[in-house]
Structure formats: structure tokens, C-alpha cells
Amino acid sequence: QRWAALHFAAALSAADISGLLPDASEPDAALAWRQLGGSDGAHDGALQLALSACEAGAIRHPQDASLACMRLRLLLARCGERPTLSDLAHLRDPLHEVASALRGTPGALCVWRVWIEAAIAASDSTSQPQVVLAVWRRAEAALRAESAPLKVLLAEWLCRLNLSRARELRPALLRSPPTPLRVYEALLAHESAEGPLYGKSVLQGASADRAGESGGVSARCCVAAELVALFERAVSEHGDDSVDLWLHYARCHLRQGAFAKASAVHDRALRVLKEQLHSDFVTRYQEALRGDAE
């Protein structure tokens with residue numbers, strides 16, 4: 001066992017809080033304050049013992065990511081059960097100290113994850129989203145392409161905001177690829193659930209009236225521009241290997257009777273998808289067509 005791990009385990013044992021602190025490797029371990037609860041004298045003593053062990057270990061092992069993340073979570077636990085973003089401001093220096101020590105190592109991602117989790121979990125994160133995004137911008141600058149997994153956390157948080165606010169903020173999340181498919185899935189689900197699925201078609205006058213009389217959803221409609229823009233961003237990054245994404249895009253057109261646009265999505269998908277995925281896509285697209293006809 002590492003020296004630091006032994007000392008940390010000893011501190012937890014002495015404090016009788018083993019099992020209460022989240023595992024630094026758990027993506028949703030959401031912060032020590034959620035497990036520790038109050039701040040009575042016993043908890044304060046336990047936290048101080050554990051912090052002392054972490055700090056002693058950090059001297060010997062400055063690039064130990066698990067130890068660094070645990071130290072940050074313990075510092076967060078001292079902020080109370082639901083701190084505000086301003087309550088967390090004094091922890092910036094410890095964060096940057098740890099992030100600097102781990103710069104260029106896989107552990108840097110873990111440190112920034114803890115900080116973003118803390119910002120998102122703050123009681124006023126949804127009322128001060130720009131503060132949370134400022135943390136994200138610093139993480140993105142430090143990690144560059146390695147910051148992509150953190151976008152999933154930010155996307156889930158954005159989807160808790162009202163749609164108009166989320167639309168304003170999501171370009172900051174999407175401006176620099178790579179963006180994981182899960183981010184697009186979350187944003188598309190949010191847009192579909194909260195926003196209009198359809199907008200006005202370019203068809204006008206008698207042509208539109210005749211098209212609308214053909215039955216089904218009126219041809220005066222088209223898939224809403226915001227939804228189309230998200231789909232286009234998503235297929236630009238994941239169109240070569242995501243059959244589900246192309247099918248979702250095509251179904252949005254099929255559901256409102258825009259068969260020509262659905263067919264255009266179908267043709268694009270076959271040009272972009274890897275060849276070994278063509279058969280699955282075509283089969284499922286035909287099933288979607290039959291389902292729409294029924």
C-alpha cells in the first residue's frame with residue numbers, strides 16, 4: 001500500500017467516518033457534504049484528521065490524483081450542506097494549486113471534475129449560470145480536448161435550466177469539439193421536451209393548403225430550426241458511427257409528414273455512416289417508415 005493511502009485509511013478509522021466519503025472515481029459521487037451532513041464537533045474533528053492525512057500525503061505524493069481529489073472534497077465538506085458559489089470562492093487557490101501539480105497528467109481531469117461538480121451542486125448555480133460556465137472555461141483551457149467528459153456534467157446541468165436560458169448558454173459548451181454523443185442526446189431531449197418540435201414551412205398560399213389537405217400533420221410545418229441546428233452539430237461529430245442519431249433526425253421529419261426531408265436525411269446517413277452500419281440503418285429506417293404509415 002502507498003504511504004499516503006495507509007495514512008488516509010488510519011485517519012478515517014480514527015475519525016470513524018470510513019464509507020461516508022465519496023469515491024473520487026465515481027462520476028456522480030456528488031461531493032462530501034451530501035454524505036457528511038451537519039458540521040458538529042465530531043464531524044469537524046473527523047474532517048480535520050482526514051485533511052491532515054491528505055495534506056501530509058500530498059507532500060510525499062504531489063501527483064497522486066485520488067489523494068488530491070479527496071482533499072478537495074474534504075475542503076468542500078467544510079463549506080456546509082448546500083454552499084453558495086460565493087462560499088466556494090475561497091477554495092480557488094487550493095484547486096489551482098492541485099490542478100497545477102497535476103497538469104499534463106490524467107489526474108487533472110479528476111480535479112476539474114470535482115470543481116465542476118461543486119459549482120453545479122451549489123445552491124445558486126441555476127441563478128448564476130455564468131459563474132459555473134466560467135469554471136468550465138478554465139477547465140477547458142487547462143485540459144483542452146481531454147475536457148470532453150466534463151461536458152456531460154455541464155449538459156445535464158443546462159437541461160435543468162429553462163429552455164431559453166439553456167439555448168443562450170449551450171454554444172459555450174459546443175464551441176470546441178470533441179463533444180460526447182451523450183451531450184447531444186441530453187440537449188436534443190431537452191429541446192424536444194420543452195421547445196416547439198415544428199416551425200412554419202416555406203410553403204405558402206394555395207400550395208401549402210393543398211399539401212395540408214393530404215392528411216397527417218400539416219405540410220405548413222417543418223422541424224423547428226433550433227432542433228435542426230442541434231442535429232446538424234451532432235451529425236457533424238458523430239454521424240459516422242451513430243445509427244440512432246440519424247434515425248432520430250429522420251423520425252422528426254417523418255412525424256410531421258416531411259417525407260422528402262426524411263429521405264434526404266436517409267441519403268446523407270448512407271454517405272456518412274461507416275459501411276458496416278448501413279444494413280442496420282436501412283432496416284430500421286424502413287421500420288420507421290412503416291410505423292409512420294400505420
# chains A, B, ... in the order shown; residues from 1 in each chain; ligands from 1
>>> residues_around(residues="segment 107-118 of chain A", least_positions_apart="2", cutoff="9 Å", atoms="only C-alpha atoms", output="MDAnalysis selection string")
chainID A and resid 24:25 27:31 63:66 68:69 72:73 76 83 85 88 92 95 98:105 120:122 132 135:136 139 142:143 146:147 149:150 153:154
>>> select_by_dssp(residues="segment 29-244 of chain A", states="strand (DSSP E)", output="PyMOL selection string")
chain A and resi 198-200+221-223
>>> residues_around(residues="Thr179 of chain A", least_positions_apart="4", cutoff="10 Å", atoms="only C-alpha atoms", output="MDAnalysis selection string")
chainID A and resid 145 147:152 173:175 183:184 233:234 237:238
>>> residues_around(residues="Arg251 of chain A", least_positions_apart="2", cutoff="12 Å", atoms="only C-alpha atoms", output="PyMOL selection string")
chain A and resi 197+223+231+244-249+253-266+284-292
>>> select_by_dssp(residues="segment 33-126 of chain A", states="helix (DSSP H, G or I)", output="JSON, numbers by chain")
{"A": [33, 34, 35, 36, 41, 42, 43, 44, 45, 46, 47, 48, 49, 50, 51, 52, 53, 54, 55, 56, 57, 58, 59, 60, 65, 66, 67, 68, 69, 70, 71, 72, 73, 74, 75, 76, 77, 85, 86, 87, 88, 89, 90, 91, 92, 93, 94, 95, 96, 97, 98, 99, 100, 101, 107, 108, 109, 110, 111, 112, 113, 114, 115, 116, 117, 118, 119, 120, 121]}
>>> atom_distance(atom1="atom CA of Ala193 of chain A", atom2="atom CA of Leu158 of chain A")
13.7 Å
>>> atom_distance(atom1="atom CA of Ala141 of chain A", atom2="atom CA of Arg165 of chain A")
23.6 Å
>>> residues_around(residues="Leu187 of chain A", least_positions_apart="2", cutoff="8 Å", atoms="only C-alpha atoms", output="PyMOL selection string")
chain A and resi 155+159+183-185+189-191+230
>>> atom_distance(atom1="atom CA of Cys79 of chain A", atom2="atom CA of Gln48 of chain A")
13.1 Å
>>> closest_residue(among="A:Asp267, A:Glu140, A:Asp44, A:Glu232", to="Gly80 of chain A", atoms="only C-alpha atoms")
A:Asp44
>>> closest_residue(among="A:Leu273, A:Ala56, A:Ala119, A:Gly195", to="Arg167 of chain A", atoms="only C-alpha atoms")
A:Gly195
